[in-house]
Amino acid sequence: MNYRVVAYILGWVLNIEAAFMLVPYLVSLIYGEQEKGMAFVWVMLGAAAVGTLMVIKKPKDTTFYLKEGFVTVALSWIMMSAVGALPFVINGDIPHYVDAFFETVSGFTTTGASILSDVEALARCSMFWRCFTHWIGGMGVLVFLLAIVPMAGGTHMNLMKAESPGPSVGKIVPKVKNNAIFLYSIYIVMTVVMVIFLLVGDMSLYDSICTAFGTAGTGGFGLYNDSFMSQSPYIQWVVTVFMILFGVNFGVYFLIATGKLKDAFKHEEARAYFAIIFVAAAIMFIDLRDVIKGTGEVLRHIFFQIGSIMTTTGFASVDFDQWPETSKTVLVLLMFIGACAGSTGGGIKVVRILILFKTFVKEIISFLHPRSVKKVKSEGKVVEHEILRATNVYFATFMFLFVGSILLISLEGKDMVTNFTAVAATINNIGPGLSLVGPTGNFGFFSDFSKLVLSFDMLAGRLELFPLLLLFCPSVWKPKKRLNV
Amino acid sequence: MAGIFSKNDKSLKIIIVGCGKVGMALAERLSHEKHDVTVIDTDSDKVTKATTLYDVMGVTGNGASFNVQNEAGINKTDLIIAVTPSDELNLLCCTIAQKVGECAAIARVRNPDYSDELSYLRKQLGLSLIINPELETAREMSRLLRLPNAISMNSFAKGHVELVKFKLPENNMLVGKKIKDIGASNLGVLICGIESEGTLDIPDGSNVFKTGDLVSFIATPINTLKFFKHIGMKSKHVKDCIIVGGGKTSYYLAKQLTEMNISVKLIEKDMESCEELSTLLPKALIINGDGADESLLFEEGIKETGSFIPLTGLDEENILLTLFAKKYSKAKVITKINRGTFNDVIDGLDIGSVIYPRYMSTETIVKYVRGMQNSIGSNIETLYHIFENRAEAIEFEITEESQVTGKPLMELNLKTDLLVACINRKGKIIIPRGNDTIQPGDTVVIITAHTGFKDVRDILK
């Protein structure tokens with residue numbers, strides 16, 4: 001381990017987080033909440049001071065391997081959450097630190113699971129920070145870092161690989177820096193467009209921005225206790241459409257932006273993503289057509305819920321915990337599929353499901369024709385053995401972690417559905433589950449231990465498991481031997 | 001935020017086809033110089049390695065395929081560099097890329113079959129540059145053997161012309177004479193720079209030589225030798241050379257050395273290669289045997305030879321052989337190192353001059369790319385900074401008639417501190433005198449203390 005470089009990058013992350021905290025402070029000034037807002041200033045000053053100390057000297061030895069990338073990313077996210085939780089504790093909106101940590105992790109990982117029973121009671125600046133963490137976490141802080149801080153050689157790719165979701169991380173333009181700039185440009189433009197659409201629907205500017213942050217990051221912190229249940233159909237449709245758009249692989253937007261509409265339309269993962277949405281909607285329509293009155297109403301709620309769950313956002317336009325079992329099951333299955341790789345959404349990712357399914361078909365064929373040779377293809381290209389292996393291992397690891405977490409949560413003695421969906425909703429970065437943790441419930445009743453387990457699941461889910469798991473390998477922490485030449 | 005989005009307009013979009021030793025070295029250098037680099041290789045492992053180590057994008061596939069080039073963004077590319085192991089594939093890559101993308105193209109062509117036709121190929125296929133690392137390596141080696149007097153040497157016009165710098169010794173016949181009186185132009189030599197006591201002169205004929213001056217002149221390789229002979233600078237000529245190994249570099253080197261009347265012994269293991277080499281190199285003595293065999297080396301006179309150059313495919317063997325030669329003889333030895341690793345260890349060994357072919361070919365390309373950055377929108381072919389950056393040597397391609405073409409040079413109203421140093425007319429080198437003219441289709445090397453020339457017409461007052 002090259003601790004010096006890791007510390008250097010962590011220092012930059014702290015500085016950036018400090019800069020981001022300026023925004024909620026400004027919000028507090030606008031709404032006359034100086035007292036609550038001062039909490040952000042104190043944390044900001046502290047973080048900036050420590051961060052500056054860490055970056056003041058550039059490390060001489062810049063060796064940076066994948067291991068360093070993983071550890072840096074995992075530590076960055078834990079550190080961001082730990083620091084980001086402080087303002088809530090200091091200004092008293094969430095007095096208990098573990099609660100605040102859970103809430104911030106939930107924010108940065110774009111989960112949207114909350115421990116608050118009454119979100120409307122929060123100060124506006126705290127609320128803003130809560131939604132802003134979604135937006136920051138959606139695209140990733142290290143991607144942002146890559147856009148503005150020049151790094152040496154191998155640092156780029158190893159950081160990007162560790163933070164970006166998806167089985168194989170490629171670039172769309174040669175320079176990592178330009179990649180990061182491009183991704184953030186799309187992200188910012190789409191967020192702004194969404195704010196405009198919400199403003200047209202008579203939402204206030206503050207609500208529009210917070211809602212757009214929650215949607216863009218596919219986060220899911222609602223501004224109101226009933227999430228979107230009392231919003232107008234127009235707002236619900238706008239949110240639905242944008243949730244689904246933010247769940248699409250950003251590579252598709254690159255293709256559209258560069259005029260390759262044909263290729264964009266042929267994008268296999270995006271096609272599968274929309275196909276799954278429509279199939280799920282069809283099943284649920286049959287199931288729900290008698291439960292909810294009016295075809296328009298049914299469709300609106302179905303698409304809102306599917307968009308919300310599949311992209312792992314976690315808004316709700318209706319208490320789907322009351323829906324019939326078939327619909328609930330479809331929603332739970334969608335939780336696991338998740339959004340596209342290269343989007344802001346979580347879950348296992350559509351492309352992995354595709355690869356797993358194709359591998360399954362291939363194996364079936366090889367039972368029938370043991371000597372058959374067949375390569376799994378994705379996006380018209382052969383999937384390298386390494387990626388197949390990584391995908392299978394990912395799935396297995398995911399299941400181990402999932403089962404293990406359920407076991408740990410079940411120690412509290414809650415019902416099976418609550419435990420199962422609580423873990424599913426956090427590890428897939430969705431937010432609400434079913435039963436006690438359903439759209440109208442929250443995670444506040446869990447013990448501190450369970451909250452920490454679920455926080456871990458959220459981070460593991462957002463960072464695709466391995467960066468976090470790697471922290472537990474003792475050999476990672478061995479200092480690098482220096483050769484004195 | 002605005003600063004982040006501002007584009008660095010100096011960076012070029014470059015595609016490198018082939019991730020071998022040269023491809024990787026290029027990816028490293030060019031991405032380090034902030035260009036947008038995309039690498040293409042059929043081997044996905046190599047592509048992954050390149051994208052992990054350097055800030056470049058990777059595409060797996062056949063670089064000569066239109067679809068793969070398209071995926072790599074050929075239509076917005078400024079330059080394609082083909083350095084796959086196959087010459088024909090490299091040429092095909094470049095040809096296709098130019099049809100699709102209208103970009104500059106550099107191909108590596110190293111098969112001796114094509115070596116005499118490189119300039120023709122380049123013209124016909126419209127390539128910007130053809131590199132032949134083996135040939136360049138051989139040239140560098142033969143230069144080192146040939147001119148112990150030279151302090152430095154830059155080659156121009158694809159190696160047909162060289163700029164040689166040497167220190168004028170005491171009591172030389174040139175001391176005290178004016179440039180115009182020494183008759184250098186009769187020898188095909190142009191004195192193009194005199195550095196004395198830290199100042200640089202681009203001479204106009206009236207300069208006087210002084211002892212200790214650093215004199216630079218431009219000439220073809222053969223004329224360089226003649227010039228040194230003429231001015232009576234005793235060069236400890238290497239008269240003979242033993243080469244071990246019969247690869248491409250050996251062939252090029254042996255050919256150049258025999259042309260310069262250095263007697264060559266070439267030791268090669270494989271009988272078939274020996275027969276082929278003896279057909280191609282009638283003047284060289286080809287010996288069939290194991291070059292790593294001590295007794296054979298003694299028998300063939302390693303103790304008496306003037307120079308010894310092992311060119312086997314293995315770095316380790318080459319190093320061992322030069323160490324051996326150093327121990328038993330006073331021969332000038334040159335070691336070729338293919339890989340770029342373990343430099344610290346290699347530097348510590350007494351193995352004579354060390355040549356890294358892969359750096360040489362990357363240097364050539366990087367030089368070209370830099371020239372390209374300077375030449376977007378003008379007809380500069382290549383640009384070199386010389387004399388510690390105090391002057392520029394610019395190679396212009398003359399595409400059309402203008403005020404400077406068709407007229408004898410002495411009738412042109414040229415700027416001071418400027419020399420038309422060389423005219424390359426379809427591979428024929430002319431060291432210009434007052435009566436020579438510049439013609440469309442030529443490439444012209446201008447040496448000047450002015451900077452920022454964008455067009456050949458800038459040479460006029």
# chains A, B, ... in the order shown; residues from 1 in each chain; ligands from 1
call {"tool": "residues_around", "arguments": {"residues": "Gly61 in chain B", "least_positions_apart": "5", "cutoff": "8 Å", "atoms": "only C-alpha atoms", "output": "NGL selection string"}}
result
:B and (40-43 or 68)
call {"tool": "select_by_dssp", "arguments": {"residues": "range 87-270 of chain B", "states": "helix (DSSP H, G or I)", "output": "JSON, numbers by chain"}}
result
{"B": [87, 88, 89, 90, 91, 92, 93, 94, 95, 96, 97, 98, 99, 100, 101, 112, 113, 114, 115, 116, 117, 118, 119, 120, 121, 122, 123, 124, 125, 133, 134, 135, 136, 137, 138, 139, 140, 141, 142, 143, 144, 145, 146, 157, 158, 159, 179, 180, 181, 184, 185, 186, 187, 221, 222, 223, 224, 225, 226, 227, 228, 229, 230, 248, 249, 250, 251, 252, 253, 254, 255, 256, 257, 258, 259]}
call {"tool": "closest_residue", "arguments": {"among": "B:Ile430, B:Val37, B:Val333, B:Leu26", "to": "chain A", "atoms": "only C-alpha atoms"}}
result
B:Val37
call {"tool": "residues_around", "arguments": {"residues": "Lys377 in chain A", "least_positions_apart": "2", "cutoff": "10 Å", "atoms": "only C-alpha atoms", "output": "list in words"}}
result
Leu354, Ile355, Lys358, Thr359, Lys374, Lys375, Glu379, Gly380, Lys381, Val382, Val383 and Glu384 of chain A
call {"tool": "atom_distance", "arguments": {"atom1": "CA of Arg130 in chain A", "atom2": "CA of Phe445 in chain A"}}
result
19.9 Å
call {"tool": "residues_around", "arguments": {"residues": "Ala422 in chain A", "least_positions_apart": "6", "cutoff": "10 Å", "atoms": "only C-alpha atoms", "output": "PDB file with N, CA and C atoms, in the first residue's frame"}}
result
ATOM      1  N   ALA A 113     -32.915   5.472   1.950  1.00  0.00           N
ATOM      2  CA  ALA A 113     -33.541   4.907   3.144  1.00  0.00           C
ATOM      3  C   ALA A 113     -33.355   5.902   4.276  1.00  0.00           C
ATOM      4  N   SER A 405     -26.177 -10.537   5.673  1.00  0.00           N
ATOM      5  CA  SER A 405     -26.800  -9.354   6.267  1.00  0.00           C
ATOM      6  C   SER A 405     -28.172  -9.682   6.821  1.00  0.00           C
ATOM      7  N   ILE A 406     -28.940 -10.489   6.091  1.00  0.00           N
ATOM      8  CA  ILE A 406     -30.271 -10.854   6.581  1.00  0.00           C
ATOM      9  C   ILE A 406     -30.146 -11.564   7.917  1.00  0.00           C
ATOM     10  N   ILE A 409     -29.407  -9.015  10.605  1.00  0.00           N
ATOM     11  CA  ILE A 409     -30.566  -8.169  10.901  1.00  0.00           C
ATOM     12  C   ILE A 409     -31.629  -8.965  11.658  1.00  0.00           C
ATOM     13  N   MET A 416     -39.905 -11.597   8.639  1.00  0.00           N
ATOM     14  CA  MET A 416     -39.079 -12.019   7.507  1.00  0.00           C
ATOM     15  C   MET A 416     -39.099 -11.005   6.359  1.00  0.00           C
ATOM     16  N   ASN A 428     -29.157  -2.752  -2.668  1.00  0.00           N
ATOM     17  CA  ASN A 428     -29.400  -2.314  -4.041  1.00  0.00           C
ATOM     18  C   ASN A 428     -29.581  -0.802  -4.143  1.00  0.00           C
ATOM     19  N   ILE A 430     -31.936   1.270  -2.970  1.00  0.00           N
ATOM     20  CA  ILE A 430     -33.261   1.722  -3.374  1.00  0.00           C
ATOM     21  C   ILE A 430     -33.864   2.665  -2.341  1.00  0.00           C
ATOM     22  N   GLY A 431     -34.038   2.168  -1.141  1.00  0.00           N
ATOM     23  CA  GLY A 431     -34.631   2.997  -0.096  1.00  0.00           C
ATOM     24  C   GLY A 431     -35.736   2.255   0.620  1.00  0.00           C
ATOM     25  N   PRO A 432     -36.968   2.412   0.159  1.00  0.00           N
ATOM     26  CA  PRO A 432     -38.055   1.731   0.845  1.00  0.00           C
ATOM     27  C   PRO A 432     -38.152   0.259   0.447  1.00  0.00           C
ATOM     28  N   GLY A 433     -38.537  -0.575   1.378  1.00  0.00           N
ATOM     29  CA  GLY A 433     -38.801  -1.980   1.069  1.00  0.00           C
ATOM     30  C   GLY A 433     -40.272  -2.256   1.254  1.00  0.00           C
ATOM     31  N   LEU A 434     -40.592  -3.333   1.934  1.00  0.00           N
ATOM     32  CA  LEU A 434     -41.989  -3.664   2.187  1.00  0.00           C
ATOM     33  C   LEU A 434     -42.192  -3.806   3.700  1.00  0.00           C
ATOM     34  N   SER A 435     -43.471  -3.995   4.076  1.00  0.00           N
ATOM     35  CA  SER A 435     -43.841  -4.181   5.480  1.00  0.00           C
ATOM     36  C   SER A 435     -43.396  -2.989   6.324  1.00  0.00           C
ATOM     37  N   LEU A 436     -42.604  -3.220   7.393  1.00  0.00           N
ATOM     38  CA  LEU A 436     -42.233  -2.126   8.291  1.00  0.00           C
ATOM     39  C   LEU A 436     -41.377  -1.061   7.615  1.00  0.00           C
ATOM     40  N   VAL A 437     -40.594  -1.472   6.627  1.00  0.00           N
ATOM     41  CA  VAL A 437     -39.748  -0.487   5.943  1.00  0.00           C
ATOM     42  C   VAL A 437     -40.371  -0.047   4.615  1.00  0.00           C
ATOM     43  N   GLY A 438     -41.671  -0.219   4.468  1.00  0.00           N
ATOM     44  CA  GLY A 438     -42.384   0.166   3.250  1.00  0.00           C
ATOM     45  C   GLY A 438     -42.376   1.664   3.044  1.00  0.00           C
ATOM     46  N   ASN A 442     -40.141   3.675   8.005  1.00  0.00           N
ATOM     47  CA  ASN A 442     -38.752   4.113   7.909  1.00  0.00           C
ATOM     48  C   ASN A 442     -37.872   3.135   8.651  1.00  0.00           C
ATOM     49  N   PHE A 443     -36.555   3.423   8.664  1.00  0.00           N
ATOM     50  CA  PHE A 443     -35.582   2.497   9.250  1.00  0.00           C
ATOM     51  C   PHE A 443     -35.226   2.876  10.686  1.00  0.00           C
ATOM     52  N   LEU A 454     -26.609  -2.215   7.821  1.00  0.00           N
ATOM     53  CA  LEU A 454     -27.277  -1.730   6.617  1.00  0.00           C
ATOM     54  C   LEU A 454     -26.465  -0.617   5.940  1.00  0.00           C
TER      55      LEU A 454
END
call {"tool": "residues_around", "arguments": {"residues": "Asn2 in chain A", "least_positions_apart": "4", "cutoff": "10 Å", "atoms": "only C-alpha atoms", "output": "NGL selection string"}}
result
:A and (6-7 or 59 or 61-65 or 67-68 or 477-481)
call {"tool": "closest_residue", "arguments": {"among": "B:Cys241, B:Ile446, B:Val345, B:Ile287", "to": "chain A", "atoms": "only C-alpha atoms"}}
result
B:Val345
call {"tool": "interface_residues", "arguments": {"of": "chain B", "to": "chain A", "cutoff": "7 Å", "atoms": "only C-alpha atoms", "output": "list in words"}}
result
Ile4, Asp36, Val37, Thr38, Thr52, Leu53, Tyr54, Asp55, Val56 and Met57 of chain B
call {"tool": "residues_around", "arguments": {"residues": "Trp77 in chain A", "least_positions_apart": "2", "cutoff": "12 Å", "atoms": "only C-alpha atoms", "output": "number ranges by chain"}}
result
A: 9-10, 13-14, 17, 70-75, 79-84, 101, 104-109, 133, 136-137, 140-142, 162-163, 455-456, 458-460, 462-463, 467-468
call {"tool": "residues_around", "arguments": {"residues": "range 90-105 of chain B", "least_positions_apart": "4", "cutoff": "10 Å", "atoms": "only C-alpha atoms", "output": "PyMOL selection string"}}
result
chain B and resi 13-15+17-18+62-66+69-70+73-86+109+121-122+125-130+369+372
call {"tool": "atom_distance", "arguments": {"atom1": "CA of Val445 in chain B", "atom2": "CA of Phe396 in chain B"}}
result
6.5 Å
call {"tool": "atom_distance", "arguments": {"atom1": "CA of Ser115 in chain B", "atom2": "CA of Lys248 in chain B"}}
result
10.6 Å
call {"tool": "closest_residue", "arguments": {"among": "A:Thr295, A:Thr421, A:Ser230, A:Asn249", "to": "Lys328 in chain A", "atoms": "only C-alpha atoms"}}
result
A:Thr421
call {"tool": "select_by_dssp", "arguments": {"residues": "range 92-192 of chain B", "states": "strand (DSSP E or B)", "output": "ChimeraX atom specification"}}
result
/B:104-108,129-131,152-156,161-167,178,190-192
